[in-house]
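Reviewing the structure listed below.
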Number of protein chains: 2
Amino acid sequence: LWNFAYADRVFALDEARWSSAPGDVEILFLAGDAYPAALPDMTQAAHVALTTFRAETLQYAPDRGLPELREWIASYVGEEGVRITANHVLIVNGAKHGLDLVCRLFLNPGDALAVTSPTYMSALRIFQGFEIDLIDIAQDSDGLIVEDLAERLRARKRIGARAPKMVYNVPEFHNPTGLTMSERRRMELVALAEREGLLVVEDDPYRRIRFEGVPVPPIQSFDESGRVIGLGTFAKIIAPGLRVGWVSAEPEIITKMVGFKSDGGSCPLTQRMILEYCKAGRVDSHVNELVKSYSLHRDVMFDMVTTQLPGATTRKPEGGYYLWVQLPDGMDSERLLSLALAEGVGFLPASWFYPNAGPPNYVRLAYSYCSPEAIAEGMRRLGRVFRRVAG
Amino acid sequence: LWNFAYADRVFALDEARWSSAPGDVEILFLAGDAYPAALPDMTQAAHVALTTFRAETLQYAPDRGLPELREWIASYVGEEGVRITANHVLIVNGAKHGLDLVCRLFLNPGDALAVTSPTYMSALRIFQGFEIDLIDIAQDSDGLIVEDLAERLRARKRIGARAPKMVYNVPEFHNPTGLTMSERRRMELVALAEREGLLVVEDDPYRRIRFEGVPVPPIQSFDESGRVIGLGTFAKIIAPGLRVGWVSAEPEIITKMVGFKSDGGSCPLTQRMILEYCKAGRVDSHVNELVKSYSLHRDVMFDMVTTQLPGATTRKPEGGYYLWVQLPDGMDSERLLSLALAEGVGFLPASWFYPNAGPPNYVRLAYSYCSPEAIAEGMRRLGRVFRRVAG
């Protein structure tokens with residue numbers, strides 16, 4: 001009956017996979033949801049937004065977002081060394097929306113894009129809609145291996161394949177691996193991008209959720225020519241439900257991107273609530289609380305990988321939301337998942353994160369949402385299932 | 001430096017036009033903003049949403065929207081004769097976002113799409129991003145002339161041009177003309193769509209803003225086979241700033257559309273606020289107030305067209321937000337605008353609304369935003385400018 005467009009056909013192939021996402025499971029290690037006990041009290045911010053600022057917050061908003069919030073963001077990322085003004089900032093409905101806009105602005109069918117393998121599953125889902133080739137780049141403990149990317153570029157030149165138009169990465173507490181890209185690699189990536197005419201899309205939601213160690217400056221802070229586009233979000237520093245994120249890029253890019261922003265300006269109410277929350281100086285103390293909670297969550301889960309999943313290995317991330325666990329050789333993460341779900345435990349299996357093909361014996365366990373007690377109980381259940389699968 | 005994609009080049013051509021949109025003018029007849037004095041008090045709804053429902057409203061939301069809100073919408077459009085369930089409803093960030101998703105799901109480059117001429121300027125802006133041909137269909141006092149569409153289809157067949165994939169229309173209080181499509185035409189359109197394999201996209205934001213006369217059932221209520229996709233919004237019945245709208249379509253379409261919804265679920269906070277507001281039974285009384293205000297606004301503006309713009313003609317719409325005013329032959333709406341802006345009066349000139357070419361001597365005057373006093377003052381100023389241009 002309906003004659004869907006190209007991109008639908010891609011999704012159709014993949015529909016079974018996405019619709020199989022576990023839903024109402026009792027204990028979730030599934031998604032990067034916030035710890036419910038750490039959700040902030042936004043009632044005062046909402047009250048001010050809906051009284052003092054009612055004519056702003058219930059009316060159509062500026063296309064690019066509230067000017068004052070864009071200024072706040074410019075100054076916030078400025079603390080990390082990214083030298084931008086409000087004119088470099090576009091407010092979007094979460095960082096994923098920003099990524100979608102980047103793709104719409106820059107990608108034509110047949111273009112290529114480089115990503116780490118594995119990479120963030122929701123970014124892969126967005127890329128699917130654009131009829132592009134994904135080039136998967138290796139990582140090590142210093143993050144994306146820039147020399148591997150350079151080699152892939154040379155190989156594509158040799159065979160006459162199109163160079164990738166952009167590189168997408170989550171350099172700080174990479175999703176799903178938790179790896180942080182070293183400063184040296186970041187500088188190398190910017191230099192390579194400059195040399196080869198690539199764009200770099202830096203998705204940086206977890207930066208402030210650092211439990212220990214020293215933050216590495218954003219890739220964008222090394223950029224001198226406007227080749228790096230930053231994606232940011234309030235989801236991980238205030239609350240996901242507000243659906244407010246941002247794109248930081250050269251003003252010329254922002255101006256063009258507005259043309260694809262079909263929503264007629266992101267919600268001014270949630271923007272104003274965030275602005276009031278930020279101006280009241282509440283972000284830092286809230287982030288401190290989050291870091292305390294998530295650090296404990298990580299510790300509980302990390303320790304129990306050893307005790308409950310014998311033969312599995314994982315790296316202890318210095319921040320972020322996830323453990324990326326390598327199961328013993330030959331253990332299939334999909335099979336483990338189907339049994340775990342029956343025990344009320346969910347996680348995302350390897351296949352969700354690989355742009356092309358990848359090993360089946362990895363799982364991403366999110367420790368953000370569950371309480372330490374729920375993590376412990378979930379890991380015990382997962383351990384029982386694991387031992388059954390390991391036979 | 002940057003290598004933008006196709007769609008950007010289209011916007012680039014048009015950038016001067018969009019960036020020339022009047023901004024901070026003292027008196028606005030420009031956009032369909034809500035009357036500030038009629039913005040609702042949402043503080044209680046927000047308080048409940050952020051306390052009782054905090055774990056829902058500050059967390060990631062379901063992809064398709066809050067189930068209870070989707071049910072409410074199904075029942076709300078059910079009152080108009082559209083027989084759907086919550087499974088037919090996708091929550092989006094305003095109806096424009098819904099239109100964008102429809103386009104992404106169905107349109108390939110080179111496709112054709114039929115629209116009235118003139119039509120809603122923001123829909124045109126969205127269509128621009130999809131590399132498609134726009135077929136402009138005539139209207140009369142009964143709205144879109146279905147026989148004109150049928151003739152255009154026959155003509156395209158004769159020359160071997162591609163048939164349009166869909167028809168987009170605002171049938172109730174059409175934007176910008178204020179026309180309402182008759183029931184007979186709606187039935188004819190559904191029959192034609194059935195015969196020719198077209199989709200119909202029905203954008204219906206103004207339905208409840210009816211001052212007099214009898215509502216015509218939505219096109220979707222005549223659809224038996226899932227060929228009609230409805231776009232709805234809370235912008236015109238509660239407040240624009242909440243940025244919550246919906247798509248109503250066959251569940252198969254909704255399921256596929258979710259794949260393109262990059263935001264990870266629309267904001268649950270604004271959804272819950274709306275749901276609490278609706279469940280408290282406040283929509284009808286708020287709409288009654290809006291109808292009272294906007295009816296008066298329309299009357300003031302309509303009467304002053306005659307007194308202040310001699311030789312200009314307009315039709316008195318039975319509802320909605322706009323007057324579509326035909327200026328005397330030979331008067332250029334762009335020239336009138338540039339002079340009006342200097343007097344603190346803004347409006348949208350003819351060229352914004354025509355998919356291809358159109359006459360220059362029309363303007364859309366929005367009466368929604370301004371108070372009756374501001375409308376009167378604005379019309380007097382516009383009258384002075386008009387008489388100068390008429391010379």
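Ordered as shown in the structure tokens, chains take letters A, B, and onward, while each chain numbers its residues from 1 and ligands are numbered from 1 in the order shown.
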Who sits within 8 Å of range 62-72 of chain B, only C-alpha atoms, same chain under 3 positions skipped, as a list of chain:residue names: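 So, after excluding close chain neighbours, the residues are B:Ser75, B:Tyr76, B:Thr85, B:Ala86, B:Asn87, B:Val89, B:Leu90, B:Ile91, B:Val92, B:Val258, B:Lys261, B:Gly264, B:Gly265, B:Ser266, B:Pro268, B:Gln271, B:Arg272, B:Leu275.
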Serialized selection, N, CA and C atoms, as a PDB file, in the first residue's frame:
ATOM      1  N   SER B  75      -8.533   9.577  21.489  1.00  0.00           N
ATOM      2  CA  SER B  75      -9.919   9.856  21.850  1.00  0.00           C
ATOM      3  C   SER B  75     -10.309  11.283  21.430  1.00  0.00           C
ATOM      4  N   TYR B  76      -9.378  12.196  21.513  1.00  0.00           N
ATOM      5  CA  TYR B  76      -9.629  13.598  21.127  1.00  0.00           C
ATOM      6  C   TYR B  76      -9.951  13.709  19.637  1.00  0.00           C
ATOM      7  N   THR B  85      -6.593   4.306  17.307  1.00  0.00           N
ATOM      8  CA  THR B  85      -6.203   3.917  18.664  1.00  0.00           C
ATOM      9  C   THR B  85      -4.868   4.579  18.988  1.00  0.00           C
ATOM     10  N   ALA B  86      -4.411   4.383  20.213  1.00  0.00           N
ATOM     11  CA  ALA B  86      -3.101   4.918  20.602  1.00  0.00           C
ATOM     12  C   ALA B  86      -1.988   4.386  19.703  1.00  0.00           C
ATOM     13  N   ASN B  87      -2.161   3.218  19.115  1.00  0.00           N
ATOM     14  CA  ASN B  87      -1.135   2.657  18.226  1.00  0.00           C
ATOM     15  C   ASN B  87      -0.986   3.420  16.926  1.00  0.00           C
ATOM     16  N   VAL B  89      -0.761   6.676  16.962  1.00  0.00           N
ATOM     17  CA  VAL B  89      -0.307   8.011  17.352  1.00  0.00           C
ATOM     18  C   VAL B  89       1.191   8.010  17.698  1.00  0.00           C
ATOM     19  N   LEU B  90       1.912   8.937  17.110  1.00  0.00           N
ATOM     20  CA  LEU B  90       3.309   9.187  17.468  1.00  0.00           C
ATOM     21  C   LEU B  90       3.419  10.621  17.984  1.00  0.00           C
ATOM     22  N   ILE B  91       3.988  10.786  19.173  1.00  0.00           N
ATOM     23  CA  ILE B  91       4.211  12.131  19.706  1.00  0.00           C
ATOM     24  C   ILE B  91       5.477  12.710  19.066  1.00  0.00           C
ATOM     25  N   VAL B  92       5.366  13.933  18.597  1.00  0.00           N
ATOM     26  CA  VAL B  92       6.497  14.611  17.956  1.00  0.00           C
ATOM     27  C   VAL B  92       6.657  16.017  18.539  1.00  0.00           C
ATOM     28  N   VAL B 258       9.233   5.862  13.633  1.00  0.00           N
ATOM     29  CA  VAL B 258      10.023   5.918  14.862  1.00  0.00           C
ATOM     30  C   VAL B 258      11.519   5.771  14.540  1.00  0.00           C
ATOM     31  N   LYS B 261      13.105   9.066  14.150  1.00  0.00           N
ATOM     32  CA  LYS B 261      12.914  10.042  15.207  1.00  0.00           C
ATOM     33  C   LYS B 261      14.186  10.056  16.047  1.00  0.00           C
ATOM     34  N   GLY B 264      15.286  10.397  20.441  1.00  0.00           N
ATOM     35  CA  GLY B 264      15.222   9.461  21.565  1.00  0.00           C
ATOM     36  C   GLY B 264      13.985   9.649  22.420  1.00  0.00           C
ATOM     37  N   GLY B 265      12.871   9.957  21.793  1.00  0.00           N
ATOM     38  CA  GLY B 265      11.631  10.167  22.559  1.00  0.00           C
ATOM     39  C   GLY B 265      11.457  11.641  22.853  1.00  0.00           C
ATOM     40  N   SER B 266      10.314  12.191  22.497  1.00  0.00           N
ATOM     41  CA  SER B 266      10.049  13.608  22.782  1.00  0.00           C
ATOM     42  C   SER B 266      10.000  13.834  24.290  1.00  0.00           C
ATOM     43  N   PRO B 268       9.374  14.105  27.915  1.00  0.00           N
ATOM     44  CA  PRO B 268       8.288  13.568  28.741  1.00  0.00           C
ATOM     45  C   PRO B 268       7.708  14.603  29.710  1.00  0.00           C
ATOM     46  N   GLN B 271       5.072  16.544  27.817  1.00  0.00           N
ATOM     47  CA  GLN B 271       3.973  15.604  27.551  1.00  0.00           C
ATOM     48  C   GLN B 271       3.126  15.404  28.801  1.00  0.00           C
ATOM     49  N   ARG B 272       3.775  15.195  29.931  1.00  0.00           N
ATOM     50  CA  ARG B 272       3.037  14.951  31.176  1.00  0.00           C
ATOM     51  C   ARG B 272       2.263  16.194  31.598  1.00  0.00           C
ATOM     52  N   LEU B 275      -0.744  16.285  29.534  1.00  0.00           N
ATOM     53  CA  LEU B 275      -1.672  15.232  29.945  1.00  0.00           C
ATOM     54  C   LEU B 275      -2.421  15.636  31.213  1.00  0.00           C
TER      55      LEU B 275
END
Please list as a PDB file with all heavy atoms, in the first residue's frame every residue within 12 Å of Ala191 in chain B, counting only C-alpha atoms and excluding residues in the same chain fewer than 3 positions away.
ATOM      1  N   VAL B 146     -10.102  19.516  -6.283  1.00  0.00           N
ATOM      2  CA  VAL B 146      -9.658  18.143  -6.531  1.00  0.00           C
ATOM      3  C   VAL B 146      -9.601  17.866  -8.030  1.00  0.00           C
ATOM      4  O   VAL B 146      -8.716  17.154  -8.505  1.00  0.00           O
ATOM      5  CB  VAL B 146     -10.575  17.143  -5.792  1.00  0.00           C
ATOM      6  CG1 VAL B 146     -10.138  15.718  -6.072  1.00  0.00           C
ATOM      7  CG2 VAL B 146     -10.542  17.422  -4.295  1.00  0.00           C
ATOM      8  N   GLU B 147     -10.521  18.460  -8.781  1.00  0.00           N
ATOM      9  CA  GLU B 147     -10.498  18.244 -10.238  1.00  0.00           C
ATOM     10  C   GLU B 147      -9.229  18.841 -10.849  1.00  0.00           C
ATOM     11  O   GLU B 147      -8.700  18.296 -11.820  1.00  0.00           O
ATOM     12  CB  GLU B 147     -11.766  18.840 -10.869  1.00  0.00           C
ATOM     13  CG  GLU B 147     -11.906  18.605 -12.371  1.00  0.00           C
ATOM     14  CD  GLU B 147     -11.548  17.173 -12.809  1.00  0.00           C
ATOM     15  OE1 GLU B 147     -11.992  16.193 -12.164  1.00  0.00           O
ATOM     16  OE2 GLU B 147     -10.778  17.034 -13.786  1.00  0.00           O
ATOM     17  N   ALA B 150      -6.658  16.271 -10.245  1.00  0.00           N
ATOM     18  CA  ALA B 150      -6.861  15.140 -11.156  1.00  0.00           C
ATOM     19  C   ALA B 150      -6.338  15.484 -12.556  1.00  0.00           C
ATOM     20  O   ALA B 150      -5.681  14.658 -13.204  1.00  0.00           O
ATOM     21  CB  ALA B 150      -8.334  14.761 -11.211  1.00  0.00           C
ATOM     22  N   ARG B 184     -17.493  17.681   0.660  1.00  0.00           N
ATOM     23  CA  ARG B 184     -17.527  16.994  -0.634  1.00  0.00           C
ATOM     24  C   ARG B 184     -16.124  16.901  -1.248  1.00  0.00           C
ATOM     25  O   ARG B 184     -15.710  15.849  -1.733  1.00  0.00           O
ATOM     26  CB  ARG B 184     -18.466  17.777  -1.555  1.00  0.00           C
ATOM     27  CG  ARG B 184     -18.599  17.105  -2.889  1.00  0.00           C
ATOM     28  CD  ARG B 184     -19.658  17.758  -3.728  1.00  0.00           C
ATOM     29  NE  ARG B 184     -19.564  17.203  -5.070  1.00  0.00           N
ATOM     30  CZ  ARG B 184     -20.475  17.384  -5.997  1.00  0.00           C
ATOM     31  NH1 ARG B 184     -21.537  18.102  -5.723  1.00  0.00           N
ATOM     32  NH2 ARG B 184     -20.312  16.860  -7.183  1.00  0.00           N
ATOM     33  N   ARG B 185     -15.387  17.996  -1.195  1.00  0.00           N
ATOM     34  CA  ARG B 185     -14.028  17.994  -1.742  1.00  0.00           C
ATOM     35  C   ARG B 185     -13.133  17.008  -0.976  1.00  0.00           C
ATOM     36  O   ARG B 185     -12.287  16.340  -1.548  1.00  0.00           O
ATOM     37  CB  ARG B 185     -13.422  19.399  -1.634  1.00  0.00           C
ATOM     38  CG  ARG B 185     -13.981  20.391  -2.625  1.00  0.00           C
ATOM     39  CD  ARG B 185     -13.218  20.353  -3.939  1.00  0.00           C
ATOM     40  NE  ARG B 185     -13.830  21.226  -4.926  1.00  0.00           N
ATOM     41  CZ  ARG B 185     -13.634  22.542  -4.995  1.00  0.00           C
ATOM     42  NH1 ARG B 185     -12.829  23.149  -4.133  1.00  0.00           N
ATOM     43  NH2 ARG B 185     -14.233  23.254  -5.918  1.00  0.00           N
ATOM     44  N   ARG B 186     -13.331  16.948   0.342  1.00  0.00           N
ATOM     45  CA  ARG B 186     -12.508  16.025   1.142  1.00  0.00           C
ATOM     46  C   ARG B 186     -12.772  14.587   0.704  1.00  0.00           C
ATOM     47  O   ARG B 186     -11.841  13.778   0.570  1.00  0.00           O
ATOM     48  CB  ARG B 186     -12.816  16.202   2.632  1.00  0.00           C
ATOM     49  CG  ARG B 186     -12.359  17.565   3.135  1.00  0.00           C
ATOM     50  CD  ARG B 186     -12.654  17.775   4.613  1.00  0.00           C
ATOM     51  NE  ARG B 186     -12.538  19.204   4.899  1.00  0.00           N
ATOM     52  CZ  ARG B 186     -12.023  19.729   6.011  1.00  0.00           C
ATOM     53  NH1 ARG B 186     -11.609  18.958   6.977  1.00  0.00           N
ATOM     54  NH2 ARG B 186     -11.925  21.034   6.161  1.00  0.00           N
ATOM     55  N   MET B 187     -14.055  14.279   0.494  1.00  0.00           N
ATOM     56  CA  MET B 187     -14.395  12.927   0.068  1.00  0.00           C
ATOM     57  C   MET B 187     -13.836  12.647  -1.328  1.00  0.00           C
ATOM     58  O   MET B 187     -13.323  11.561  -1.603  1.00  0.00           O
ATOM     59  CB  MET B 187     -15.908  12.735   0.112  1.00  0.00           C
ATOM     60  CG  MET B 187     -16.447  12.802   1.543  1.00  0.00           C
ATOM     61  SD  MET B 187     -18.272  12.874   1.649  1.00  0.00           S
ATOM     62  CE  MET B 187     -18.671  11.178   1.254  1.00  0.00           C
ATOM     63  N   GLU B 188     -13.927  13.639  -2.197  1.00  0.00           N
ATOM     64  CA  GLU B 188     -13.369  13.484  -3.547  1.00  0.00           C
ATOM     65  C   GLU B 188     -11.856  13.256  -3.493  1.00  0.00           C
ATOM     66  O   GLU B 188     -11.308  12.452  -4.248  1.00  0.00           O
ATOM     67  CB  GLU B 188     -13.639  14.741  -4.391  1.00  0.00           C
ATOM     68  CG  GLU B 188     -15.078  14.888  -4.844  1.00  0.00           C
ATOM     69  CD  GLU B 188     -15.325  16.242  -5.520  1.00  0.00           C
ATOM     70  OE1 GLU B 188     -14.356  17.037  -5.684  1.00  0.00           O
ATOM     71  OE2 GLU B 188     -16.485  16.513  -5.859  1.00  0.00           O
ATOM     72  N   GLU B 194      -7.182   7.226  -3.361  1.00  0.00           N
ATOM     73  CA  GLU B 194      -7.378   5.779  -3.421  1.00  0.00           C
ATOM     74  C   GLU B 194      -7.141   5.278  -4.854  1.00  0.00           C
ATOM     75  O   GLU B 194      -6.406   4.312  -5.080  1.00  0.00           O
ATOM     76  CB  GLU B 194      -8.806   5.486  -2.972  1.00  0.00           C
ATOM     77  CG  GLU B 194      -9.148   4.035  -2.755  1.00  0.00           C
ATOM     78  CD  GLU B 194      -8.421   3.470  -1.547  1.00  0.00           C
ATOM     79  OE1 GLU B 194      -8.292   4.167  -0.520  1.00  0.00           O
ATOM     80  OE2 GLU B 194      -7.970   2.315  -1.654  1.00  0.00           O
ATOM     81  N   ARG B 195      -7.771   5.966  -5.801  1.00  0.00           N
ATOM     82  CA  ARG B 195      -7.696   5.561  -7.207  1.00  0.00           C
ATOM     83  C   ARG B 195      -6.269   5.678  -7.728  1.00  0.00           C
ATOM     84  O   ARG B 195      -5.806   4.839  -8.482  1.00  0.00           O
ATOM     85  CB  ARG B 195      -8.613   6.493  -8.011  1.00  0.00           C
ATOM     86  CG  ARG B 195      -9.356   5.835  -9.142  1.00  0.00           C
ATOM     87  CD  ARG B 195     -10.585   6.648  -9.537  1.00  0.00           C
ATOM     88  NE  ARG B 195     -10.326   8.042  -9.831  1.00  0.00           N
ATOM     89  CZ  ARG B 195     -10.957   9.068  -9.247  1.00  0.00           C
ATOM     90  NH1 ARG B 195     -11.875   8.861  -8.332  1.00  0.00           N
ATOM     91  NH2 ARG B 195     -10.674  10.306  -9.602  1.00  0.00           N
ATOM     92  N   GLU B 196      -5.573   6.731  -7.327  1.00  0.00           N
ATOM     93  CA  GLU B 196      -4.273   7.025  -7.936  1.00  0.00           C
ATOM     94  C   GLU B 196      -3.103   6.607  -7.052  1.00  0.00           C
ATOM     95  O   GLU B 196      -1.939   6.842  -7.414  1.00  0.00           O
ATOM     96  CB  GLU B 196      -4.169   8.531  -8.239  1.00  0.00           C
ATOM     97  CG  GLU B 196      -5.212   9.048  -9.217  1.00  0.00           C
ATOM     98  CD  GLU B 196      -4.967   8.559 -10.640  1.00  0.00           C
ATOM     99  OE1 GLU B 196      -3.808   8.201 -10.963  1.00  0.00           O
ATOM    100  OE2 GLU B 196      -5.944   8.510 -11.426  1.00  0.00           O
ATOM    101  N   GLY B 197      -3.393   6.048  -5.905  1.00  0.00           N
ATOM    102  CA  GLY B 197      -2.298   5.597  -5.042  1.00  0.00           C
ATOM    103  C   GLY B 197      -1.518   6.731  -4.394  1.00  0.00           C
ATOM    104  O   GLY B 197      -0.297   6.649  -4.224  1.00  0.00           O
ATOM    105  N   LEU B 198      -2.214   7.802  -4.018  1.00  0.00           N
ATOM    106  CA  LEU B 198      -1.543   8.928  -3.358  1.00  0.00           C
ATOM    107  C   LEU B 198      -1.695   8.834  -1.839  1.00  0.00           C
ATOM    108  O   LEU B 198      -2.675   8.294  -1.342  1.00  0.00           O
ATOM    109  CB  LEU B 198      -2.184  10.254  -3.780  1.00  0.00           C
ATOM    110  CG  LEU B 198      -2.305  10.575  -5.255  1.00  0.00           C
ATOM    111  CD1 LEU B 198      -3.049  11.898  -5.433  1.00  0.00           C
ATOM    112  CD2 LEU B 198      -0.909  10.669  -5.848  1.00  0.00           C
ATOM    113  N   LEU B 199      -0.746   9.411  -1.139  1.00  0.00           N
ATOM    114  CA  LEU B 199      -0.929   9.683   0.280  1.00  0.00           C
ATOM    115  C   LEU B 199      -1.481  11.092   0.438  1.00  0.00           C
ATOM    116  O   LEU B 199      -1.173  11.978  -0.369  1.00  0.00           O
ATOM    117  CB  LEU B 199       0.408   9.631   1.011  1.00  0.00           C
ATOM    118  CG  LEU B 199       1.023   8.266   1.267  1.00  0.00           C
ATOM    119  CD1 LEU B 199       2.449   8.453   1.754  1.00  0.00           C
ATOM    120  CD2 LEU B 199       0.203   7.511   2.299  1.00  0.00           C
ATOM    121  N   VAL B 200      -2.256  11.314   1.485  1.00  0.00           N
ATOM    122  CA  VAL B 200      -2.724  12.660   1.810  1.00  0.00           C
ATOM    123  C   VAL B 200      -2.180  13.011   3.193  1.00  0.00           C
ATOM    124  O   VAL B 200      -2.350  12.238   4.146  1.00  0.00           O
ATOM    125  CB  VAL B 200      -4.262  12.733   1.825  1.00  0.00           C
ATOM    126  CG1 VAL B 200      -4.728  14.125   2.255  1.00  0.00           C
ATOM    127  CG2 VAL B 200      -4.823  12.365   0.453  1.00  0.00           C
ATOM    128  N   ILE B 219     -10.246  15.127   6.836  1.00  0.00           N
ATOM    129  CA  ILE B 219     -10.065  14.242   5.671  1.00  0.00           C
ATOM    130  C   ILE B 219      -9.846  12.812   6.161  1.00  0.00           C
ATOM    131  O   ILE B 219     -10.355  11.850   5.602  1.00  0.00           O
ATOM    132  CB  ILE B 219      -8.862  14.712   4.822  1.00  0.00           C
ATOM    133  CG1 ILE B 219      -9.089  16.142   4.310  1.00  0.00           C
ATOM    134  CG2 ILE B 219      -8.634  13.766   3.639  1.00  0.00           C
ATOM    135  CD1 ILE B 219      -7.885  16.738   3.585  1.00  0.00           C
ATOM    136  N   GLN B 220      -9.076  12.691   7.247  1.00  0.00           N
ATOM    137  CA  GLN B 220      -8.738  11.360   7.756  1.00  0.00           C
ATOM    138  C   GLN B 220      -9.979  10.565   8.153  1.00  0.00           C
ATOM    139  O   GLN B 220      -9.959   9.336   8.133  1.00  0.00           O
ATOM    140  CB  GLN B 220      -7.776  11.486   8.948  1.00  0.00           C
ATOM    141  CG  GLN B 220      -7.009  10.202   9.237  1.00  0.00           C
ATOM    142  CD  GLN B 220      -5.877  10.383  10.236  1.00  0.00           C
ATOM    143  OE1 GLN B 220      -5.875  11.309  11.026  1.00  0.00           O
ATOM    144  NE2 GLN B 220      -4.903   9.479  10.190  1.00  0.00           N
ATOM    145  N   PHE B 222     -12.604  10.233   6.498  1.00  0.00           N
ATOM    146  CA  PHE B 222     -13.193   9.595   5.315  1.00  0.00           C
ATOM    147  C   PHE B 222     -12.301   8.474   4.767  1.00  0.00           C
ATOM    148  O   PHE B 222     -12.655   7.826   3.790  1.00  0.00           O
ATOM    149  CB  PHE B 222     -13.433  10.643   4.215  1.00  0.00           C
ATOM    150  CG  PHE B 222     -14.329  11.762   4.641  1.00  0.00           C
ATOM    151  CD1 PHE B 222     -13.823  13.026   4.866  1.00  0.00           C
ATOM    152  CD2 PHE B 222     -15.687  11.530   4.854  1.00  0.00           C
ATOM    153  CE1 PHE B 222     -14.650  14.061   5.285  1.00  0.00           C
ATOM    154  CE2 PHE B 222     -16.514  12.554   5.266  1.00  0.00           C
ATOM    155  CZ  PHE B 222     -16.004  13.822   5.485  1.00  0.00           C
ATOM    156  N   ASP B 223     -11.163   8.303   5.388  1.00  0.00           N
ATOM    157  CA  ASP B 223     -10.157   7.366   4.876  1.00  0.00           C
ATOM    158  C   ASP B 223     -10.465   5.958   5.378  1.00  0.00           C
ATOM    159  O   ASP B 223     -10.620   5.742   6.573  1.00  0.00           O
ATOM    160  CB  ASP B 223      -8.778   7.827   5.377  1.00  0.00           C
ATOM    161  CG  ASP B 223      -7.658   6.903   4.944  1.00  0.00           C
ATOM    162  OD1 ASP B 223      -7.779   6.262   3.886  1.00  0.00           O
ATOM    163  OD2 ASP B 223      -6.652   6.828   5.683  1.00  0.00           O
ATOM    164  N   GLU B 224     -10.525   5.017   4.449  1.00  0.00           N
ATOM    165  CA  GLU B 224     -10.816   3.631   4.839  1.00  0.00           C
ATOM    166  C   GLU B 224      -9.582   2.746   4.740  1.00  0.00           C
ATOM    167  O   GLU B 224      -9.595   1.600   5.186  1.00  0.00           O
ATOM    168  CB  GLU B 224     -11.906   3.039   3.918  1.00  0.00           C
ATOM    169  CG  GLU B 224     -13.226   3.793   3.887  1.00  0.00           C
ATOM    170  CD  GLU B 224     -14.082   3.500   5.113  1.00  0.00           C
ATOM    171  OE1 GLU B 224     -13.766   2.535   5.840  1.00  0.00           O
ATOM    172  OE2 GLU B 224     -15.060   4.252   5.353  1.00  0.00           O
ATOM    173  N   SER B 225      -8.530   3.253   4.083  1.00  0.00           N
ATOM    174  CA  SER B 225      -7.438   2.330   3.759  1.00  0.00           C
ATOM    175  C   SER B 225      -6.074   2.762   4.282  1.00  0.00           C
ATOM    176  O   SER B 225      -5.058   2.165   3.946  1.00  0.00           O
ATOM    177  CB  SER B 225      -7.361   2.163   2.235  1.00  0.00           C
ATOM    178  OG  SER B 225      -6.909   3.366   1.652  1.00  0.00           O
ATOM    179  N   ARG B 227      -4.593   5.813   3.830  1.00  0.00           N
ATOM    180  CA  ARG B 227      -3.877   6.686   2.897  1.00  0.00           C
ATOM    181  C   ARG B 227      -3.693   8.094   3.450  1.00  0.00           C
ATOM    182  O   ARG B 227      -2.989   8.899   2.841  1.00  0.00           O
ATOM    183  CB  ARG B 227      -4.658   6.823   1.582  1.00  0.00           C
ATOM    184  CG  ARG B 227      -4.763   5.545   0.826  1.00  0.00           C
ATOM    185  CD  ARG B 227      -4.743   5.769  -0.668  1.00  0.00           C
ATOM    186  NE  ARG B 227      -4.439   4.519  -1.307  1.00  0.00           N
ATOM    187  CZ  ARG B 227      -3.208   4.109  -1.574  1.00  0.00           C
ATOM    188  NH1 ARG B 227      -2.166   4.865  -1.299  1.00  0.00           N
ATOM    189  NH2 ARG B 227      -3.006   2.939  -2.128  1.00  0.00           N
ATOM    190  N   VAL B 228      -4.368   8.405   4.537  1.00  0.00           N
ATOM    191  CA  VAL B 228      -4.294   9.763   5.083  1.00  0.00           C
ATOM    192  C   VAL B 228      -3.446   9.749   6.353  1.00  0.00           C
ATOM    193  O   VAL B 228      -3.628   8.900   7.234  1.00  0.00           O
ATOM    194  CB  VAL B 228      -5.698  10.322   5.386  1.00  0.00           C
ATOM    195  CG1 VAL B 228      -5.595  11.746   5.937  1.00  0.00           C
ATOM    196  CG2 VAL B 228      -6.567  10.302   4.125  1.00  0.00           C
TER     197      VAL B 228
END
Coordinates-based distance that separates CA of Trp246 in chain A from CA of Val287 in chain A (Å, one decimal):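 Going from CA of Val287 in chain A over to CA of Trp246 in chain A, I get 18.4 Å.
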Polymer residues at most 9 Å from range 316-321 of chain B, only C-alpha atoms, same-chain spacing of 2 or more positions, as a PyMOL selection string: chain B and resi 32-33+172-180+205-213+291+294-295+298-299+302+314+323+365-369
Pairwise distance for CA of Arg104 in chain B and CA of Ile238 in chain B, rounded to one decimal in Å: 27.8 Å
Neighbour list for Gly245 in chain A as JSON, numbers by chain, cut-off 7 Å, only C-alpha atoms, skip fewer than 2 positions in-chain: {"A": [91, 92, 93, 94, 95, 232, 233, 234, 243]}
Residue contacts of Phe347 in chain B (8 Å, only C-alpha atoms) excluding same-chain residues fewer than 6 positions away, as a list in words: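 The residues satisfying every condition are Leu28, Phe29, Leu30, Ala31, Leu337, Val363, Arg364, Leu365 and Ala366 of chain B.
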